[in-house]
>>> print(open('my_file-v7.cif').read())   # mmCIF, C-alpha atoms, pLDDT in the B column; chains and numbers go by the auth columns
data_final
loop_
_atom_site.group_PDB
_atom_site.id
_atom_site.type_symbol
_atom_site.label_atom_id
_atom_site.label_comp_id
_atom_site.label_asym_id
_atom_site.label_seq_id
_atom_site.Cartn_x
_atom_site.Cartn_y
_atom_site.Cartn_z
_atom_site.B_iso_or_equiv
_atom_site.auth_seq_id
_atom_site.auth_asym_id
ATOM 1 C CA MET A 1 -8.298 48.041 16.310 59.00 116 M
ATOM 2 C CA LYS A 2 -11.075 50.607 16.500 71.00 117 M
ATOM 3 C CA PHE A 3 -14.608 49.394 15.915 77.00 118 M
ATOM 4 C CA ILE A 4 -16.234 51.427 13.163 78.00 119 M
ATOM 5 C CA THR A 5 -19.930 52.230 13.296 86.00 120 M
ATOM 6 C CA LEU A 6 -22.181 53.332 10.495 85.00 121 M
ATOM 7 C CA GLU A 7 -23.378 56.239 12.619 88.00 122 M
ATOM 8 C CA GLU A 8 -19.829 57.549 13.157 88.00 123 M
ATOM 9 C CA ASN A 9 -19.057 57.257 9.454 87.00 124 M
ATOM 10 C CA ILE A 10 -22.278 59.032 8.497 87.00 125 M
ATOM 11 C CA GLU A 11 -21.421 61.830 10.889 89.00 126 M
ATOM 12 C CA LYS A 12 -17.958 62.120 9.330 87.00 127 M
ATOM 13 C CA MET A 13 -19.506 62.140 5.852 83.00 128 M
ATOM 14 C CA LYS A 14 -21.755 65.016 6.906 88.00 129 M
ATOM 15 C CA LYS A 15 -19.172 67.093 8.753 90.00 130 M
ATOM 16 C CA ILE A 16 -15.981 66.494 6.773 86.00 131 M
ATOM 17 C CA TYR A 17 -17.262 65.605 3.302 77.00 132 M
ATOM 18 C CA LYS A 18 -20.375 67.845 3.460 86.00 133 M
ATOM 19 C CA MET A 19 -22.830 65.187 2.305 79.00 134 M
ATOM 20 C CA SER A 20 -26.524 65.922 2.722 87.00 135 M
ATOM 21 C CA ASP A 21 -28.961 63.553 4.401 88.00 136 M
ATOM 22 C CA ASP A 22 -30.625 63.043 1.022 86.00 137 M
ATOM 23 C CA VAL A 23 -27.385 61.870 -0.608 81.00 138 M
ATOM 24 C CA ILE A 24 -26.517 59.649 2.371 81.00 139 M
ATOM 25 C CA ASN A 25 -29.961 58.037 2.257 81.00 140 M
ATOM 26 C CA LYS A 26 -29.633 57.483 -1.470 75.00 141 M
ATOM 27 C CA ILE A 27 -26.216 55.845 -1.070 71.00 142 M
ATOM 28 C CA PHE A 28 -27.068 53.553 1.828 74.00 143 M
ATOM 29 C CA TYR A 29 -30.771 52.852 1.664 71.00 144 M
ATOM 30 C CA THR A 30 -31.691 52.678 -2.026 64.00 145 M
ATOM 31 C CA LYS A 31 -32.289 49.150 -3.242 62.00 146 M
ATOM 32 C CA HIS A 32 -30.734 49.423 -6.661 55.00 147 M
ATOM 33 C CA LYS A 33 -28.075 47.234 -8.221 54.00 148 M
ATOM 34 C CA MET A 34 -25.757 50.238 -8.320 51.00 149 M
ATOM 35 C CA TYR A 35 -25.888 50.435 -4.510 49.00 150 M
ATOM 36 C CA HIS A 36 -25.205 46.830 -3.590 57.00 151 M
ATOM 37 C CA THR A 37 -22.566 47.369 -0.912 64.00 152 M
ATOM 38 C CA ASP A 38 -23.488 46.931 2.733 71.00 153 M
ATOM 39 C CA PRO A 39 -23.977 50.366 4.397 73.00 154 M
ATOM 40 C CA ILE A 40 -21.175 49.916 6.948 76.00 155 M
ATOM 41 C CA GLU A 41 -18.770 48.778 4.209 77.00 156 M
ATOM 42 C CA MET A 42 -19.778 51.681 1.963 74.00 157 M
ATOM 43 C CA SER A 43 -19.407 54.158 4.834 80.00 158 M
ATOM 44 C CA ALA A 44 -15.926 52.783 5.554 80.00 159 M
ATOM 45 C CA PHE A 45 -14.949 53.366 1.905 77.00 160 M
ATOM 46 C CA LEU A 46 -16.318 56.901 1.922 78.00 161 M
ATOM 47 C CA THR A 47 -14.723 57.953 5.204 82.00 162 M
ATOM 48 C CA ALA A 48 -11.309 56.393 4.604 80.00 163 M
ATOM 49 C CA ILE A 49 -10.570 58.437 1.499 79.00 164 M
ATOM 50 C CA ASP A 50 -7.679 60.217 3.203 82.00 165 M
ATOM 51 C CA ILE A 51 -5.964 56.993 4.288 84.00 166 M
ATOM 52 C CA VAL A 52 -4.934 55.714 0.853 79.00 167 M
ATOM 53 C CA ASP A 53 -2.540 57.717 -1.296 89.00 168 M
ATOM 54 C CA GLU A 54 -4.173 58.885 -4.545 91.00 169 M
ATOM 55 C CA GLU A 55 -1.427 57.463 -6.714 93.00 170 M
ATOM 56 C CA GLN A 56 -1.710 54.094 -4.999 91.00 171 M
ATOM 57 C CA ARG A 57 -5.503 54.213 -5.365 90.00 172 M
ATOM 58 C CA LEU A 58 -5.057 54.838 -9.107 94.00 173 M
ATOM 59 C CA CYS A 59 -2.735 51.846 -9.327 95.00 174 M
ATOM 60 C CA ASP A 60 -5.279 49.739 -7.415 90.00 175 M
ATOM 61 C CA ILE A 61 -8.028 50.702 -9.874 91.00 176 M
ATOM 62 C CA ILE A 62 -5.779 49.883 -12.829 95.00 177 M
ATOM 63 C CA GLU A 63 -4.994 46.512 -11.246 94.00 178 M
ATOM 64 C CA ALA A 64 -8.715 45.874 -10.623 88.00 179 M
ATOM 65 C CA LEU A 65 -9.566 46.607 -14.263 88.00 180 M
ATOM 66 C CA HIS A 66 -6.790 44.205 -15.242 89.00 181 M
ATOM 67 C CA ARG A 67 -7.612 41.493 -12.701 89.00 182 M
ATOM 68 C CA ASP A 68 -11.406 41.643 -12.445 82.00 183 M
ATOM 69 C CA ILE A 69 -12.410 42.513 -15.997 81.00 184 M
ATOM 70 C CA GLY A 70 -9.394 41.114 -17.821 83.00 185 M
ATOM 71 C CA LEU A 71 -8.251 44.269 -19.602 87.00 186 M
ATOM 72 C CA SER A 72 -4.635 43.748 -20.560 88.00 187 M
ATOM 73 C CA TYR A 73 -1.966 46.254 -19.590 94.00 188 M
ATOM 74 C CA GLU A 74 -1.560 46.845 -23.312 92.00 189 M
ATOM 75 C CA THR A 75 -5.248 47.802 -23.605 87.00 190 M
ATOM 76 C CA LEU A 76 -5.136 50.004 -20.512 92.00 191 M
ATOM 77 C CA ALA A 77 -1.979 51.709 -21.783 93.00 192 M
ATOM 78 C CA ALA A 78 -3.615 52.339 -25.151 90.00 193 M
ATOM 79 C CA TYR A 79 -6.571 54.030 -23.448 88.00 194 M
ATOM 80 C CA CYS A 80 -4.077 56.176 -21.520 93.00 195 M
ATOM 81 C CA GLU A 81 -2.107 56.972 -24.688 91.00 196 M
ATOM 82 C CA MET A 82 1.113 55.535 -23.325 94.00 197 M
ATOM 83 C CA THR A 83 3.231 52.463 -23.899 95.00 198 M
ATOM 84 C CA THR A 84 2.682 49.270 -21.974 95.00 199 M
ATOM 85 C CA GLU A 85 6.170 49.674 -20.540 97.00 200 M
ATOM 86 C CA GLU A 86 5.326 53.181 -19.229 96.00 201 M
ATOM 87 C CA LEU A 87 2.164 51.853 -17.562 96.00 202 M
ATOM 88 C CA GLU A 88 3.940 48.904 -15.980 97.00 203 M
ATOM 89 C CA GLU A 89 6.715 51.199 -14.723 97.00 204 M
ATOM 90 C CA PHE A 90 4.095 53.521 -13.213 97.00 205 M
ATOM 91 C CA LEU A 91 2.532 50.566 -11.395 97.00 206 M
ATOM 92 C CA ARG A 92 5.952 49.764 -9.899 96.00 207 M
ATOM 93 C CA ASN A 93 7.061 53.359 -9.324 96.00 208 M
ATOM 94 C CA GLN A 94 4.470 56.134 -9.222 93.00 209 M
ATOM 95 C CA GLU A 95 7.215 58.771 -9.423 95.00 210 M
ATOM 96 C CA SER A 96 8.068 57.681 -12.978 96.00 211 M
ATOM 97 C CA LEU A 97 5.481 60.017 -14.535 95.00 212 M
ATOM 98 C CA THR A 98 4.821 63.739 -14.371 95.00 213 M
ATOM 99 C CA ASP A 99 1.835 65.055 -12.462 95.00 214 M
ATOM 100 C CA LYS A 100 0.213 66.084 -15.742 95.00 215 M
ATOM 101 C CA LYS A 101 0.531 62.555 -17.154 95.00 216 M
ATOM 102 C CA LYS A 102 -0.825 61.082 -13.882 96.00 217 M
ATOM 103 C CA PHE A 103 -3.830 63.385 -14.139 96.00 218 M
ATOM 104 C CA ILE A 104 -4.555 62.312 -17.709 95.00 219 M
ATOM 105 C CA ILE A 105 -4.232 58.639 -16.734 96.00 220 M
ATOM 106 C CA ALA A 106 -6.480 59.126 -13.710 96.00 221 M
ATOM 107 C CA VAL A 107 -9.243 60.758 -15.769 96.00 222 M
ATOM 108 C CA ARG A 108 -9.104 58.069 -18.441 95.00 223 M
ATOM 109 C CA ILE A 109 -8.930 55.164 -15.981 95.00 224 M
ATOM 110 C CA MET A 110 -11.814 56.560 -13.927 93.00 225 M
ATOM 111 C CA PHE A 111 -13.855 56.891 -17.126 91.00 226 M
ATOM 112 C CA LEU A 112 -13.142 53.237 -17.972 88.00 227 M
ATOM 113 C CA HIS A 113 -14.032 52.246 -14.429 89.00 228 M
ATOM 114 C CA HIS A 114 -17.297 54.183 -14.647 87.00 229 M
ATOM 115 C CA VAL A 115 -18.280 52.667 -17.987 82.00 230 M
ATOM 116 C CA LEU A 116 -17.320 49.118 -16.973 80.00 231 M
ATOM 117 C CA LYS A 117 -18.262 49.065 -13.282 76.00 232 M
ATOM 118 C CA GLU A 118 -21.302 46.861 -13.858 70.00 233 M
ATOM 119 C CA LYS A 119 -19.016 44.240 -15.391 64.00 234 M
ATOM 120 C CA TYR A 120 -16.968 43.787 -12.225 62.00 235 M
ATOM 121 C CA PRO A 121 -17.755 40.542 -10.430 58.00 236 M
ATOM 122 C CA THR A 122 -19.467 41.532 -7.190 48.00 237 M
ATOM 123 C CA GLU A 123 -21.328 39.746 -4.445 45.00 238 M
ATOM 124 C CA GLY A 124 -24.666 40.784 -3.043 42.00 239 M
ATOM 125 C CA THR A 125 -25.918 42.694 -6.070 42.00 240 M
ATOM 126 C CA VAL A 126 -29.557 43.609 -5.570 41.00 241 M
ATOM 127 C CA ASP A 127 -31.733 43.383 -8.665 44.00 242 M
ATOM 128 C CA GLU A 128 -34.817 45.513 -9.027 39.00 243 M
#
>>> encode(input="my_file-v7.cif", output="structure tokens")
Amino acid sequence: MKFITLEENIEKMKKIYKMSDDVINKIFYTKHKMYHTDPIEMSAFLTAIDIVDEEQRLCDIIEALHRDIGLSYETLAAYCEMTTEELEEFLRNQESLTDKKKFIIAVRIMFLHHVLKEKYPTEGTVDE
């Protein structure tokens, strides 16, 4: 197992993901409740984007909204304008939907995630 350093991840964020020093400093060194994650953990998230399949990531976010906030599959499906059965089938088999439908779901789920992210139970939240 390779040991990951913050410095290596920051370098990757600069070179591959074209992040500026200003943005990197804001992400890792701002003491704000929005930026509560440890810098090495945050850098690992930001540099491992190509490791997880996008469809699986979408399913993981749906599951997190269900598990961590308590939104039912019925509620999540309603936000995505689909049936609960369609959503549950997508969670089992990502090939069950068209790319267009996956895009619509992704946009809607990411919006829900954005609106509700402060309601997720997290550890280490820094209050101002």
>>> closest_residue(input="my_file-v7.cif", among="M:Met157, M:Leu206, M:Cys195, M:Met225", to="Ile119 (chain M)", atoms="only C-alpha atoms")
M:Met157
>>> residues_near_point(input="my_file-v7.cif", point="(1.4, 54.5, -16.9)", cutoff="9 Å", atoms="only C-alpha atoms", output="count of residues only")
20
>>> resolve_selection(input="my_file-v7.cif", expression="the PyMOL selection byres ((chain M and resi 170) around 10)", output="mmCIF file with C-alpha atoms, in the coordinates of the input")
data_model
loop_
_atom_site.group_PDB
_atom_site.id
_atom_site.type_symbol
_atom_site.label_atom_id
_atom_site.label_comp_id
_atom_site.auth_asym_id
_atom_site.auth_seq_id
_atom_site.Cartn_x
_atom_site.Cartn_y
_atom_site.Cartn_z
ATOM 1 C CA VAL M 167 -4.934 55.714 0.853
ATOM 2 C CA ASP M 168 -2.540 57.717 -1.296
ATOM 3 C CA GLU M 169 -4.173 58.885 -4.545
ATOM 4 C CA GLN M 171 -1.710 54.094 -4.999
ATOM 5 C CA ARG M 172 -5.503 54.213 -5.365
ATOM 6 C CA LEU M 173 -5.057 54.838 -9.107
ATOM 7 C CA CYS M 174 -2.735 51.846 -9.327
ATOM 8 C CA ASP M 175 -5.279 49.739 -7.415
ATOM 9 C CA ILE M 176 -8.028 50.702 -9.874
ATOM 10 C CA PHE M 205 4.095 53.521 -13.213
ATOM 11 C CA LEU M 206 2.532 50.566 -11.395
ATOM 12 C CA ASN M 208 7.061 53.359 -9.324
ATOM 13 C CA GLN M 209 4.470 56.134 -9.222
ATOM 14 C CA GLU M 210 7.215 58.771 -9.423
ATOM 15 C CA LYS M 217 -0.825 61.082 -13.882
ATOM 16 C CA PHE M 218 -3.830 63.385 -14.139
ATOM 17 C CA ALA M 221 -6.480 59.126 -13.710
#
>>> closest_residue(input="my_file-v7.cif", among="M:Asp137, M:Ala159, M:Ser187, M:Tyr144", to="Glu123 (chain M)", atoms="only C-alpha atoms")
M:Ala159
>>> closest_residue(input="my_file-v7.cif", among="M:Leu180, M:Met128, M:Val222, M:Ile142", to="Ala163 (chain M)", atoms="only C-alpha atoms")
M:Met128
>>> residues_around(input="my_file-v7.cif", residues="Ser158 (chain M)", least_positions_apart="4", cutoff="8 Å", atoms="only C-alpha atoms", output="mmCIF file with C-alpha atoms, in the frame of the given file")
data_model
loop_
_atom_site.group_PDB
_atom_site.id
_atom_site.type_symbol
_atom_site.label_atom_id
_atom_site.label_comp_id
_atom_site.auth_asym_id
_atom_site.auth_seq_id
_atom_site.Cartn_x
_atom_site.Cartn_y
_atom_site.Cartn_z
ATOM 1 C CA LEU M 121 -22.181 53.332 10.495
ATOM 2 C CA ASN M 124 -19.057 57.257 9.454
ATOM 3 C CA ILE M 125 -22.278 59.032 8.497
ATOM 4 C CA PRO M 154 -23.977 50.366 4.397
ATOM 5 C CA THR M 162 -14.723 57.953 5.204
#
>>> atom_distance(input="my_file-v7.cif", atom1="CA of Ala193 (chain M)", atom2="CA of Arg223 (chain M)")
10.4 Å
>>> atom_distance(input="my_file-v7.cif", atom1="CA of Ile164 (chain M)", atom2="CA of Lys127 (chain M)")
11.4 Å
>>> residues_around(input="my_file-v7.cif", residues="Leu231 (chain M)", least_positions_apart="5", cutoff="12 Å", atoms="only C-alpha atoms", output="list of chain:residue names")
M:Ile176, M:Ala179, M:Leu180, M:His181, M:Asp183, M:Ile184, M:Gly185, M:Leu186, M:Ile224, M:Met225, M:Phe226, M:Pro236
>>> write_last_selection(input="my_file-v7.cif", atoms="C-alpha atoms", output="short mmCIF file (atom, residue, chain, number, x, y, z; two decimals), keeping the file's coordinate frame")
data_model
loop_
_atom_site.label_atom_id
_atom_site.label_comp_id
_atom_site.auth_asym_id
_atom_site.auth_seq_id
_atom_site.Cartn_x
_atom_site.Cartn_y
_atom_site.Cartn_z
CA ILE M 176 -8.03 50.70 -9.87
CA ALA M 179 -8.72 45.87 -10.62
CA LEU M 180 -9.57 46.61 -14.26
CA HIS M 181 -6.79 44.20 -15.24
CA ASP M 183 -11.41 41.64 -12.44
CA ILE M 184 -12.41 42.51 -16.00
CA GLY M 185 -9.39 41.11 -17.82
CA LEU M 186 -8.25 44.27 -19.60
CA ILE M 224 -8.93 55.16 -15.98
CA MET M 225 -11.81 56.56 -13.93
CA PHE M 226 -13.86 56.89 -17.13
CA PRO M 236 -17.76 40.54 -10.43
#
